[in-house]
$ cat my_file.cif   # mmCIF, C-alpha atoms and all ligand atoms
data_upload
loop_
_atom_site.group_PDB
_atom_site.id
_atom_site.type_symbol
_atom_site.label_atom_id
_atom_site.label_comp_id
_atom_site.auth_asym_id
_atom_site.auth_seq_id
_atom_site.Cartn_x
_atom_site.Cartn_y
_atom_site.Cartn_z
ATOM 1 C CA MET A 1 0.000 0.000 0.000
ATOM 2 C CA TYR A 2 1.362 3.353 -0.960
ATOM 3 C CA LEU A 3 1.123 6.697 0.735
ATOM 4 C CA LEU A 4 1.714 9.603 -1.601
ATOM 5 C CA CYS A 5 2.221 13.003 -0.052
ATOM 6 C CA ASP A 6 2.259 16.439 -1.608
ATOM 7 C CA ILE A 7 4.082 19.394 -0.062
ATOM 8 C CA ASP A 8 2.790 22.757 -1.291
ATOM 9 C CA GLY A 9 -0.653 23.306 0.203
ATOM 10 C CA VAL A 10 -0.115 20.354 2.562
ATOM 11 C CA HIS A 11 3.085 20.941 4.526
ATOM 12 C CA ILE A 12 3.565 24.487 3.196
ATOM 13 C CA PRO A 13 0.180 26.231 3.276
ATOM 14 C CA PHE A 14 -0.493 29.048 0.870
ATOM 15 C CA PRO A 15 -0.653 32.514 2.409
ATOM 16 C CA ALA A 16 -4.000 34.201 2.919
ATOM 17 C CA PRO A 17 -4.794 37.108 0.554
ATOM 18 C CA ASN A 18 -3.371 39.461 3.179
ATOM 19 C CA GLY A 19 -0.127 37.482 3.215
ATOM 20 C CA GLU A 20 -0.666 35.845 6.589
ATOM 21 C CA ILE A 21 0.338 32.261 7.147
ATOM 22 C CA PRO A 22 -1.356 29.997 9.697
ATOM 23 C CA VAL A 23 -0.262 30.060 13.322
ATOM 24 C CA GLY A 24 2.568 27.682 14.106
ATOM 25 C CA PHE A 25 4.335 27.884 10.760
ATOM 26 C CA GLN A 26 7.820 29.339 10.946
ATOM 27 C CA PRO A 27 9.440 31.072 7.972
ATOM 28 C CA GLN A 28 12.718 29.683 6.765
ATOM 29 C CA PHE A 29 14.860 29.746 3.676
ATOM 30 C CA VAL A 30 15.878 26.789 1.552
ATOM 31 C CA THR A 31 17.690 26.550 -1.759
ATOM 32 C CA PRO A 32 15.948 24.104 -4.090
ATOM 33 C CA THR A 33 17.858 22.285 -6.791
ATOM 34 C CA GLY A 34 18.370 24.588 -9.764
ATOM 35 C CA HIS A 35 17.904 27.774 -7.740
ATOM 36 C CA ASP A 36 20.781 30.162 -7.198
ATOM 37 C CA GLU A 37 19.031 32.011 -4.396
ATOM 38 C CA PRO A 38 17.228 30.680 -1.333
ATOM 39 C CA VAL A 39 13.446 30.759 -1.392
ATOM 40 C CA LYS A 40 11.276 31.519 1.598
ATOM 41 C CA ILE A 41 9.019 28.756 2.881
ATOM 42 C CA TRP A 42 7.261 28.128 6.179
ATOM 43 C CA LEU A 43 7.050 24.849 7.999
ATOM 44 C CA ASN A 44 5.401 23.544 11.126
ATOM 45 C CA PRO A 45 6.854 20.386 12.678
ATOM 46 C CA ALA A 46 3.310 19.592 13.810
ATOM 47 C CA THR A 47 2.354 18.542 10.265
ATOM 48 C CA GLY A 48 5.159 15.994 10.272
ATOM 49 C CA ARG A 49 4.212 14.647 13.695
ATOM 50 C CA LEU A 50 0.551 14.414 12.733
ATOM 51 C CA LEU A 51 1.366 12.420 9.651
ATOM 52 C CA LEU A 52 3.838 10.106 11.371
ATOM 53 C CA ASN A 53 1.387 9.344 14.147
ATOM 54 C CA ALA A 54 -1.466 8.764 11.721
ATOM 55 C CA ILE A 55 0.439 6.210 9.666
ATOM 56 C CA ALA A 56 2.370 4.561 12.498
ATOM 57 C CA ASP A 57 0.298 1.374 12.475
ATOM 58 C CA LEU A 58 -0.226 1.144 8.737
ATOM 59 C CA PRO A 59 1.906 -1.016 6.429
ATOM 60 C CA LEU A 60 2.653 1.797 4.034
ATOM 61 C CA THR A 61 5.299 2.684 1.528
ATOM 62 C CA PRO A 62 5.441 6.486 1.776
ATOM 63 C CA LEU A 63 6.537 8.489 -1.243
ATOM 64 C CA TRP A 64 6.746 12.200 -1.844
ATOM 65 C CA CYS A 65 4.570 13.235 -4.762
ATOM 66 C CA SER A 66 5.480 16.865 -5.161
ATOM 67 C CA SER A 67 7.125 19.245 -7.580
ATOM 68 C CA TRP A 68 9.833 19.481 -4.922
ATOM 69 C CA ARG A 69 10.898 16.094 -6.291
ATOM 70 C CA ALA A 70 14.349 15.060 -4.993
ATOM 71 C CA ASP A 71 14.383 18.061 -2.662
ATOM 72 C CA SER A 72 11.321 16.766 -0.819
ATOM 73 C CA ALA A 73 13.089 14.648 1.755
ATOM 74 C CA PRO A 74 16.145 16.777 2.547
ATOM 75 C CA LEU A 75 14.576 20.230 2.397
ATOM 76 C CA ILE A 76 11.067 19.529 3.683
ATOM 77 C CA GLY A 77 10.747 16.058 5.185
ATOM 78 C CA HIS A 78 13.802 16.142 7.409
ATOM 79 C CA PRO A 79 13.036 19.532 8.970
ATOM 80 C CA LEU A 80 9.564 18.159 9.706
ATOM 81 C CA GLY A 81 11.057 15.184 11.498
ATOM 82 C CA LEU A 82 10.070 12.710 8.811
ATOM 83 C CA PRO A 83 12.320 9.857 7.756
ATOM 84 C CA THR A 84 13.895 9.829 4.321
ATOM 85 C CA TRP A 85 11.115 8.953 1.910
ATOM 86 C CA GLU A 86 11.726 8.346 -1.770
ATOM 87 C CA HIS A 87 9.993 10.618 -4.224
ATOM 88 C CA LEU A 88 7.940 9.943 -7.281
ATOM 89 C CA ASP A 89 9.783 11.163 -10.341
ATOM 90 C CA LEU A 90 7.241 13.624 -11.697
ATOM 91 C CA PRO A 91 7.946 15.025 -15.171
ATOM 92 C CA LEU A 92 8.849 18.635 -15.751
ATOM 93 C CA LEU A 93 5.867 19.827 -17.742
ATOM 94 C CA SER A 94 5.328 23.295 -19.124
ATOM 95 C CA ILE A 95 1.768 23.556 -17.869
ATOM 96 C CA THR A 96 0.099 26.599 -16.385
ATOM 97 C CA THR A 97 -2.611 24.746 -14.511
ATOM 98 C CA SER A 98 -2.574 21.756 -12.193
ATOM 99 C CA HIS A 99 -5.430 20.249 -14.181
ATOM 100 C CA PRO A 100 -4.622 20.504 -17.893
ATOM 101 C CA ASN A 101 -6.953 17.573 -18.573
ATOM 102 C CA GLY A 102 -9.476 18.142 -15.811
ATOM 103 C CA TYR A 103 -7.664 16.058 -13.210
ATOM 104 C CA LEU A 104 -4.503 16.475 -11.173
ATOM 105 C CA TRP A 105 -1.537 16.371 -13.539
ATOM 106 C CA LYS A 106 0.433 14.073 -11.232
ATOM 107 C CA ARG A 107 -2.055 11.284 -11.796
ATOM 108 C CA ASP A 108 -0.538 10.406 -15.177
ATOM 109 C CA THR A 109 2.644 9.444 -13.343
ATOM 110 C CA VAL A 110 0.954 7.993 -10.278
ATOM 111 C CA THR A 111 -1.383 5.598 -12.050
ATOM 112 C CA PRO A 112 1.201 3.413 -13.803
ATOM 113 C CA TYR A 113 3.496 3.527 -10.774
ATOM 114 C CA ILE A 114 1.022 2.271 -8.190
ATOM 115 C CA GLY A 115 -0.690 -0.251 -10.419
ATOM 116 C CA ASP A 116 -3.238 -2.225 -8.438
ATOM 117 C CA HIS A 117 -1.850 -1.362 -5.015
ATOM 118 C CA PRO A 118 -4.074 0.301 -2.444
ATOM 119 C CA LEU A 119 -3.355 3.972 -2.096
ATOM 120 C CA ILE A 120 -3.623 6.848 0.327
ATOM 121 C CA TRP A 121 -2.852 10.119 -1.415
ATOM 122 C CA ILE A 122 -2.604 13.493 0.309
ATOM 123 C CA ASP A 123 -2.803 16.513 -1.984
ATOM 124 C CA ASP A 124 -4.609 19.853 -1.810
ATOM 125 C CA ASP A 125 -5.331 19.972 -5.515
ATOM 126 C CA PHE A 126 -7.646 17.113 -6.455
ATOM 127 C CA THR A 127 -10.579 17.800 -8.759
ATOM 128 C CA PRO A 128 -13.947 16.036 -8.762
ATOM 129 C CA ALA A 129 -12.532 13.856 -11.554
ATOM 130 C CA ASP A 130 -9.828 12.639 -9.190
ATOM 131 C CA HIS A 131 -12.380 11.774 -6.528
ATOM 132 C CA THR A 132 -14.396 9.873 -9.132
ATOM 133 C CA TRP A 133 -11.233 8.012 -10.140
ATOM 134 C CA ALA A 134 -10.539 7.098 -6.509
ATOM 135 C CA ALA A 135 -14.097 5.961 -5.906
ATOM 136 C CA HIS A 136 -13.975 3.818 -9.009
ATOM 137 C CA ARG A 137 -10.709 2.192 -7.936
ATOM 138 C CA THR A 138 -12.166 1.507 -4.512
ATOM 139 C CA THR A 139 -15.366 -0.073 -5.790
ATOM 140 C CA SER A 140 -13.261 -2.102 -8.208
ATOM 141 C CA GLY A 141 -11.423 -3.670 -5.281
ATOM 142 C CA THR A 142 -8.405 -1.357 -4.899
ATOM 143 C CA PRO A 143 -8.960 0.813 -1.840
ATOM 144 C CA THR A 144 -8.012 4.382 -2.683
ATOM 145 C CA LEU A 145 -8.295 7.208 -0.189
ATOM 146 C CA LEU A 146 -7.762 10.821 -1.224
ATOM 147 C CA ILE A 147 -7.093 13.322 1.536
ATOM 148 C CA GLN A 148 -7.421 16.943 0.499
ATOM 149 C CA PRO A 149 -6.299 19.533 3.062
ATOM 150 C CA ASP A 150 -7.327 23.167 2.890
ATOM 151 C CA PRO A 151 -4.342 24.683 1.055
ATOM 152 C CA HIS A 152 -4.502 27.794 3.221
ATOM 153 C CA GLN A 153 -4.348 25.776 6.429
ATOM 154 C CA GLY A 154 -2.065 22.901 5.536
ATOM 155 C CA LEU A 155 -2.375 19.427 6.986
ATOM 156 C CA ARG A 156 -4.517 19.218 10.118
ATOM 157 C CA ALA A 157 -5.571 16.397 12.412
ATOM 158 C CA SER A 158 -9.097 16.418 10.996
ATOM 159 C CA ASP A 159 -7.712 15.666 7.524
ATOM 160 C CA LEU A 160 -6.128 12.495 8.821
ATOM 161 C CA ALA A 161 -9.121 11.254 10.793
ATOM 162 C CA PRO A 162 -10.146 8.823 8.004
ATOM 163 C CA LEU A 163 -6.910 6.925 8.614
ATOM 164 C CA GLU A 164 -8.082 5.900 12.068
ATOM 165 C CA THR A 165 -10.574 3.530 10.504
ATOM 166 C CA TRP A 166 -8.580 2.755 7.384
ATOM 167 C CA ARG A 167 -7.881 -0.936 7.484
ATOM 168 C CA ILE A 168 -7.710 -3.027 4.371
HETATM 169 MG MG MG B 201 -0.165 21.061 -3.611
#

$ encode --input "my_file.cif" --output "structure tokens"
Amino acid sequence: MYLLCDIDGVHIPFPAPNGEIPVGFQPQFVTPTGHDEPVKIWLNPATGRLLLNAIADLPLTPLWCSSWRADSAPLIGHPLGLPTWEHLDLPLLSITTSHPNGYLWKRDTVTPYIGDHPLIWIDDDFTPADHTWAAHRTTSGTPTLLIQPDPHQGLRASDLAPLETWRI
């Protein structure tokens, strides 16, 4: 069973229109691969703890599924207290929307990778088409749970509540 986890809008919430970030998130600077200058992000170790606790009893293979790609573990996961997770090798697409075909662009990479394995996928950017896809997989015998945090809040305990009863 796989756990796929996004970063932007999940572990790094988007600022409110007035620029405010949620309480508990601390600004910091990191230098992603390919950047000459550091970029400002904000992290809250609570999101890492929440996730670790929620999956502690589940036989999962966690993978980062984020445009942070190989930077996910060292720049985001480790500061959040998460172990080194591999990342899904998402393509570099020149797209201006997350849903060029009506569903989350990452799904074209995710689908062949996970095959028929059960899946828990945390991302703030699913569309109704993604939820339909997940429901169809589930009713076809491959349990698929999509967790969609509020991108302006980031990952919260309530988002992970479905995992308490998730047993396959
Ligand atoms: Mg996102």

$ closest_residue --input "my_file.cif" --among "A:Val110, A:Ala46, A:Leu80, A:Val10" --to "His152 of chain A" --atoms "only C-alpha atoms"
A:Val10

$ residues_near_ligand --input "my_file.cif" --ligand "ligand MG 201 (chain B)" --cutoff "7 Å" --atoms "only C-alpha atoms and all ligand atoms" --output "MDAnalysis selection string"
chainID A and resid 6:10 123:125

$ closest_residue --input "my_file.cif" --among "A:Ser66, A:Asn101, A:Thr144, A:Thr84" --to "Ile114 of chain A" --atoms "only C-alpha atoms"
A:Thr144

$ atom_distance --input "my_file.cif" --atom1 "atom CA of Leu92 of chain A" --atom2 "atom CA of Tyr113 of chain A"
16.8 Å

$ atom_distance --input "my_file.cif" --atom1 "atom CA of Pro83 of chain A" --atom2 "atom CA of Pro38 of chain A"
23.2 Å

$ resolve_selection --input "my_file.cif" --expression "the PyMOL selection byres (((chain A and resi 157-168) around 8) and not hetatm)" --output "ChimeraX atom specification"
/A:50-51,54-55,143,147-149,155-156

$ residues_around --input "my_file.cif" --residues "Leu104 of chain A" --least-positions-apart "4" --cutoff "9 Å" --atoms "all atoms listed in the file" --output "list in words"
Ser98, His99, Pro100, Asp108, Asp125, Phe126, Thr127, Ala129 and Asp130 of chain A

$ write_last_selection --input "my_file.cif" --atoms "C-alpha atoms" --output "mmCIF file, in the coordinates of the input"
data_model
loop_
_atom_site.group_PDB
_atom_site.id
_atom_site.type_symbol
_atom_site.label_atom_id
_atom_site.label_comp_id
_atom_site.auth_asym_id
_atom_site.auth_seq_id
_atom_site.Cartn_x
_atom_site.Cartn_y
_atom_site.Cartn_z
ATOM 1 C CA SER A 98 -2.574 21.756 -12.193
ATOM 2 C CA HIS A 99 -5.430 20.249 -14.181
ATOM 3 C CA PRO A 100 -4.622 20.504 -17.893
ATOM 4 C CA ASP A 108 -0.538 10.406 -15.177
ATOM 5 C CA ASP A 125 -5.331 19.972 -5.515
ATOM 6 C CA PHE A 126 -7.646 17.113 -6.455
ATOM 7 C CA THR A 127 -10.579 17.800 -8.759
ATOM 8 C CA ALA A 129 -12.532 13.856 -11.554
ATOM 9 C CA ASP A 130 -9.828 12.639 -9.190
#

$ atom_distance --input "my_file.cif" --atom1 "atom CA of Tyr2 of chain A" --atom2 "atom CA of Leu88 of chain A"
11.3 Å

$ resolve_selection --input "my_file.cif" --expression "the PyMOL selection byres (((chain A and resi 13-27) around 7) and not hetatm)" --output "list of chain:residue names"
A:Asp8, A:Gly9, A:Val10, A:His11, A:Ile12, A:Gln28, A:Lys40, A:Ile41, A:Trp42, A:Leu43, A:Asn44, A:Pro151, A:His152, A:Gln153, A:Gly154

$ resolve_selection --input "my_file.cif" --expression "the PyMOL selection byres (((chain A and resi 5) around 7) and not hetatm)" --output "JSON, numbers by chain"
{"A": [3, 4, 6, 7, 63, 64, 65, 121, 122, 123]}

$ write_last_selection --input "my_file.cif" --atoms "C-alpha atoms" --output "compact mmCIF listing (two decimals), keeping the file's coordinate frame"
# COMPACT_ATOMS: atom_id res chain seq x y z
CA LEU A 3 1.12 6.70 0.74
CA LEU A 4 1.71 9.60 -1.60
CA ASP A 6 2.26 16.44 -1.61
CA ILE A 7 4.08 19.39 -0.06
CA LEU A 63 6.54 8.49 -1.24
CA TRP A 64 6.75 12.20 -1.84
CA CYS A 65 4.57 13.24 -4.76
CA TRP A 121 -2.85 10.12 -1.42
CA ILE A 122 -2.60 13.49 0.31
CA ASP A 123 -2.80 16.51 -1.98

$ decode --input "my_file.cif" --residues "segment 63-95 of chain A" --atoms "N, CA, C and O atoms" --output "PDB file, in the first residue's frame"
ATOM      1  N   LEU A  63       5.785   7.851  -0.155  1.00  0.00           N
ATOM      2  CA  LEU A  63       6.537   8.489  -1.243  1.00  0.00           C
ATOM      3  C   LEU A  63       6.117   9.957  -1.322  1.00  0.00           C
ATOM      4  O   LEU A  63       4.924  10.264  -1.218  1.00  0.00           O
ATOM      5  N   TRP A  64       7.096  10.812  -1.547  1.00  0.00           N
ATOM      6  CA  TRP A  64       6.746  12.200  -1.844  1.00  0.00           C
ATOM      7  C   TRP A  64       6.218  12.290  -3.266  1.00  0.00           C
ATOM      8  O   TRP A  64       6.782  11.681  -4.187  1.00  0.00           O
ATOM      9  N   CYS A  65       5.160  13.030  -3.428  1.00  0.00           N
ATOM     10  CA  CYS A  65       4.570  13.235  -4.762  1.00  0.00           C
ATOM     11  C   CYS A  65       4.366  14.732  -4.916  1.00  0.00           C
ATOM     12  O   CYS A  65       3.275  15.267  -4.738  1.00  0.00           O
ATOM     13  N   SER A  66       5.451  15.407  -5.225  1.00  0.00           N
ATOM     14  CA  SER A  66       5.480  16.865  -5.161  1.00  0.00           C
ATOM     15  C   SER A  66       6.432  17.395  -6.217  1.00  0.00           C
ATOM     16  O   SER A  66       7.408  16.728  -6.587  1.00  0.00           O
ATOM     17  N   SER A  67       6.200  18.608  -6.645  1.00  0.00           N
ATOM     18  CA  SER A  67       7.125  19.245  -7.580  1.00  0.00           C
ATOM     19  C   SER A  67       8.434  19.632  -6.886  1.00  0.00           C
ATOM     20  O   SER A  67       9.346  20.150  -7.528  1.00  0.00           O
ATOM     21  N   TRP A  68       8.539  19.348  -5.590  1.00  0.00           N
ATOM     22  CA  TRP A  68       9.833  19.481  -4.922  1.00  0.00           C
ATOM     23  C   TRP A  68      10.745  18.309  -5.263  1.00  0.00           C
ATOM     24  O   TRP A  68      11.947  18.334  -4.968  1.00  0.00           O
ATOM     25  N   ARG A  69      10.169  17.264  -5.805  1.00  0.00           N
ATOM     26  CA  ARG A  69      10.898  16.094  -6.291  1.00  0.00           C
ATOM     27  C   ARG A  69      12.011  15.657  -5.314  1.00  0.00           C
ATOM     28  O   ARG A  69      11.726  15.376  -4.176  1.00  0.00           O
ATOM     29  N   ALA A  70      13.255  15.593  -5.819  1.00  0.00           N
ATOM     30  CA  ALA A  70      14.349  15.060  -4.993  1.00  0.00           C
ATOM     31  C   ALA A  70      14.661  15.952  -3.788  1.00  0.00           C
ATOM     32  O   ALA A  70      15.336  15.532  -2.860  1.00  0.00           O
ATOM     33  N   ASP A  71      14.169  17.172  -3.810  1.00  0.00           N
ATOM     34  CA  ASP A  71      14.383  18.061  -2.662  1.00  0.00           C
ATOM     35  C   ASP A  71      13.397  17.782  -1.538  1.00  0.00           C
ATOM     36  O   ASP A  71      13.554  18.311  -0.426  1.00  0.00           O
ATOM     37  N   SER A  72      12.392  16.968  -1.808  1.00  0.00           N
ATOM     38  CA  SER A  72      11.321  16.766  -0.819  1.00  0.00           C
ATOM     39  C   SER A  72      11.861  16.283   0.516  1.00  0.00           C
ATOM     40  O   SER A  72      11.550  16.854   1.572  1.00  0.00           O
ATOM     41  N   ALA A  73      12.630  15.217   0.485  1.00  0.00           N
ATOM     42  CA  ALA A  73      13.089  14.648   1.755  1.00  0.00           C
ATOM     43  C   ALA A  73      14.080  15.570   2.467  1.00  0.00           C
ATOM     44  O   ALA A  73      13.877  15.913   3.635  1.00  0.00           O
ATOM     45  N   PRO A  74      15.159  16.003   1.786  1.00  0.00           N
ATOM     46  CA  PRO A  74      16.145  16.777   2.547  1.00  0.00           C
ATOM     47  C   PRO A  74      15.670  18.173   2.951  1.00  0.00           C
ATOM     48  O   PRO A  74      16.009  18.637   4.044  1.00  0.00           O
ATOM     49  N   LEU A  75      14.915  18.839   2.097  1.00  0.00           N
ATOM     50  CA  LEU A  75      14.576  20.230   2.397  1.00  0.00           C
ATOM     51  C   LEU A  75      13.277  20.379   3.172  1.00  0.00           C
ATOM     52  O   LEU A  75      13.069  21.372   3.862  1.00  0.00           O
ATOM     53  N   ILE A  76      12.384  19.414   3.042  1.00  0.00           N
ATOM     54  CA  ILE A  76      11.067  19.529   3.683  1.00  0.00           C
ATOM     55  C   ILE A  76      10.870  18.418   4.720  1.00  0.00           C
ATOM     56  O   ILE A  76      10.538  18.680   5.867  1.00  0.00           O
ATOM     57  N   GLY A  77      11.042  17.174   4.295  1.00  0.00           N
ATOM     58  CA  GLY A  77      10.747  16.058   5.185  1.00  0.00           C
ATOM     59  C   GLY A  77      11.621  16.048   6.429  1.00  0.00           C
ATOM     60  O   GLY A  77      11.132  15.891   7.545  1.00  0.00           O
ATOM     61  N   HIS A  78      12.906  16.212   6.250  1.00  0.00           N
ATOM     62  CA  HIS A  78      13.802  16.142   7.409  1.00  0.00           C
ATOM     63  C   HIS A  78      13.534  17.257   8.416  1.00  0.00           C
ATOM     64  O   HIS A  78      13.459  16.983   9.623  1.00  0.00           O
ATOM     65  N   PRO A  79      13.365  18.502   7.977  1.00  0.00           N
ATOM     66  CA  PRO A  79      13.036  19.532   8.970  1.00  0.00           C
ATOM     67  C   PRO A  79      11.720  19.268   9.694  1.00  0.00           C
ATOM     68  O   PRO A  79      11.519  19.761  10.805  1.00  0.00           O
ATOM     69  N   LEU A  80      10.838  18.495   9.069  1.00  0.00           N
ATOM     70  CA  LEU A  80       9.564  18.159   9.706  1.00  0.00           C
ATOM     71  C   LEU A  80       9.679  16.926  10.587  1.00  0.00           C
ATOM     72  O   LEU A  80       8.687  16.472  11.157  1.00  0.00           O
ATOM     73  N   GLY A  81      10.866  16.361  10.658  1.00  0.00           N
ATOM     74  CA  GLY A  81      11.057  15.184  11.498  1.00  0.00           C
ATOM     75  C   GLY A  81      10.654  13.889  10.830  1.00  0.00           C
ATOM     76  O   GLY A  81      10.511  12.864  11.510  1.00  0.00           O
ATOM     77  N   LEU A  82      10.473  13.918   9.533  1.00  0.00           N
ATOM     78  CA  LEU A  82      10.070  12.710   8.811  1.00  0.00           C
ATOM     79  C   LEU A  82      11.303  11.951   8.328  1.00  0.00           C
ATOM     80  O   LEU A  82      12.326  12.560   7.997  1.00  0.00           O
ATOM     81  N   PRO A  83      11.199  10.629   8.283  1.00  0.00           N
ATOM     82  CA  PRO A  83      12.320   9.857   7.756  1.00  0.00           C
ATOM     83  C   PRO A  83      12.530  10.139   6.270  1.00  0.00           C
ATOM     84  O   PRO A  83      11.715  10.810   5.626  1.00  0.00           O
ATOM     85  N   THR A  84      13.605   9.606   5.734  1.00  0.00           N
ATOM     86  CA  THR A  84      13.895   9.829   4.321  1.00  0.00           C
ATOM     87  C   THR A  84      12.954   8.989   3.459  1.00  0.00           C
ATOM     88  O   THR A  84      13.065   7.761   3.441  1.00  0.00           O
ATOM     89  N   TRP A  85      12.018   9.633   2.831  1.00  0.00           N
ATOM     90  CA  TRP A  85      11.115   8.953   1.910  1.00  0.00           C
ATOM     91  C   TRP A  85      11.600   9.186   0.482  1.00  0.00           C
ATOM     92  O   TRP A  85      12.084  10.274   0.140  1.00  0.00           O
ATOM     93  N   GLU A  86      11.454   8.167  -0.346  1.00  0.00           N
ATOM     94  CA  GLU A  86      11.726   8.346  -1.770  1.00  0.00           C
ATOM     95  C   GLU A  86      10.685   9.289  -2.372  1.00  0.00           C
ATOM     96  O   GLU A  86       9.647   9.571  -1.761  1.00  0.00           O
ATOM     97  N   HIS A  87      10.963   9.729  -3.567  1.00  0.00           N
ATOM     98  CA  HIS A  87       9.993  10.618  -4.224  1.00  0.00           C
ATOM     99  C   HIS A  87       9.595  10.034  -5.571  1.00  0.00           C
ATOM    100  O   HIS A  87      10.391   9.318  -6.203  1.00  0.00           O
ATOM    101  N   LEU A  88       8.396  10.333  -5.956  1.00  0.00           N
ATOM    102  CA  LEU A  88       7.940   9.943  -7.281  1.00  0.00           C
ATOM    103  C   LEU A  88       8.547  10.909  -8.299  1.00  0.00           C
ATOM    104  O   LEU A  88       8.551  12.121  -8.078  1.00  0.00           O
ATOM    105  N   ASP A  89       9.050  10.351  -9.375  1.00  0.00           N
ATOM    106  CA  ASP A  89       9.783  11.163 -10.341  1.00  0.00           C
ATOM    107  C   ASP A  89       8.803  11.840 -11.308  1.00  0.00           C
ATOM    108  O   ASP A  89       8.603  11.383 -12.429  1.00  0.00           O
ATOM    109  N   LEU A  90       8.215  12.912 -10.869  1.00  0.00           N
ATOM    110  CA  LEU A  90       7.241  13.624 -11.697  1.00  0.00           C
ATOM    111  C   LEU A  90       7.948  14.324 -12.849  1.00  0.00           C
ATOM    112  O   LEU A  90       9.056  14.842 -12.680  1.00  0.00           O
ATOM    113  N   PRO A  91       7.316  14.354 -14.022  1.00  0.00           N
ATOM    114  CA  PRO A  91       7.946  15.025 -15.171  1.00  0.00           C
ATOM    115  C   PRO A  91       7.950  16.540 -14.998  1.00  0.00           C
ATOM    116  O   PRO A  91       7.162  17.085 -14.213  1.00  0.00           O
ATOM    117  N   LEU A  92       8.831  17.172 -15.715  1.00  0.00           N
ATOM    118  CA  LEU A  92       8.849  18.635 -15.751  1.00  0.00           C
ATOM    119  C   LEU A  92       8.000  19.075 -16.937  1.00  0.00           C
ATOM    120  O   LEU A  92       8.447  19.027 -18.082  1.00  0.00           O
ATOM    121  N   LEU A  93       6.779  19.446 -16.669  1.00  0.00           N
ATOM    122  CA  LEU A  93       5.867  19.827 -17.742  1.00  0.00           C
ATOM    123  C   LEU A  93       5.736  21.345 -17.797  1.00  0.00           C
ATOM    124  O   LEU A  93       5.769  22.014 -16.768  1.00  0.00           O
ATOM    125  N   SER A  94       5.589  21.866 -19.009  1.00  0.00           N
ATOM    126  CA  SER A  94       5.328  23.295 -19.124  1.00  0.00           C
ATOM    127  C   SER A  94       3.816  23.509 -19.163  1.00  0.00           C
ATOM    128  O   SER A  94       3.228  23.710 -20.228  1.00  0.00           O
ATOM    129  N   ILE A  95       3.215  23.370 -17.977  1.00  0.00           N
ATOM    130  CA  ILE A  95       1.768  23.556 -17.869  1.00  0.00           C
ATOM    131  C   ILE A  95       1.507  24.738 -16.949  1.00  0.00           C
ATOM    132  O   ILE A  95       2.301  25.042 -16.065  1.00  0.00           O
TER     133      ILE A  95
END
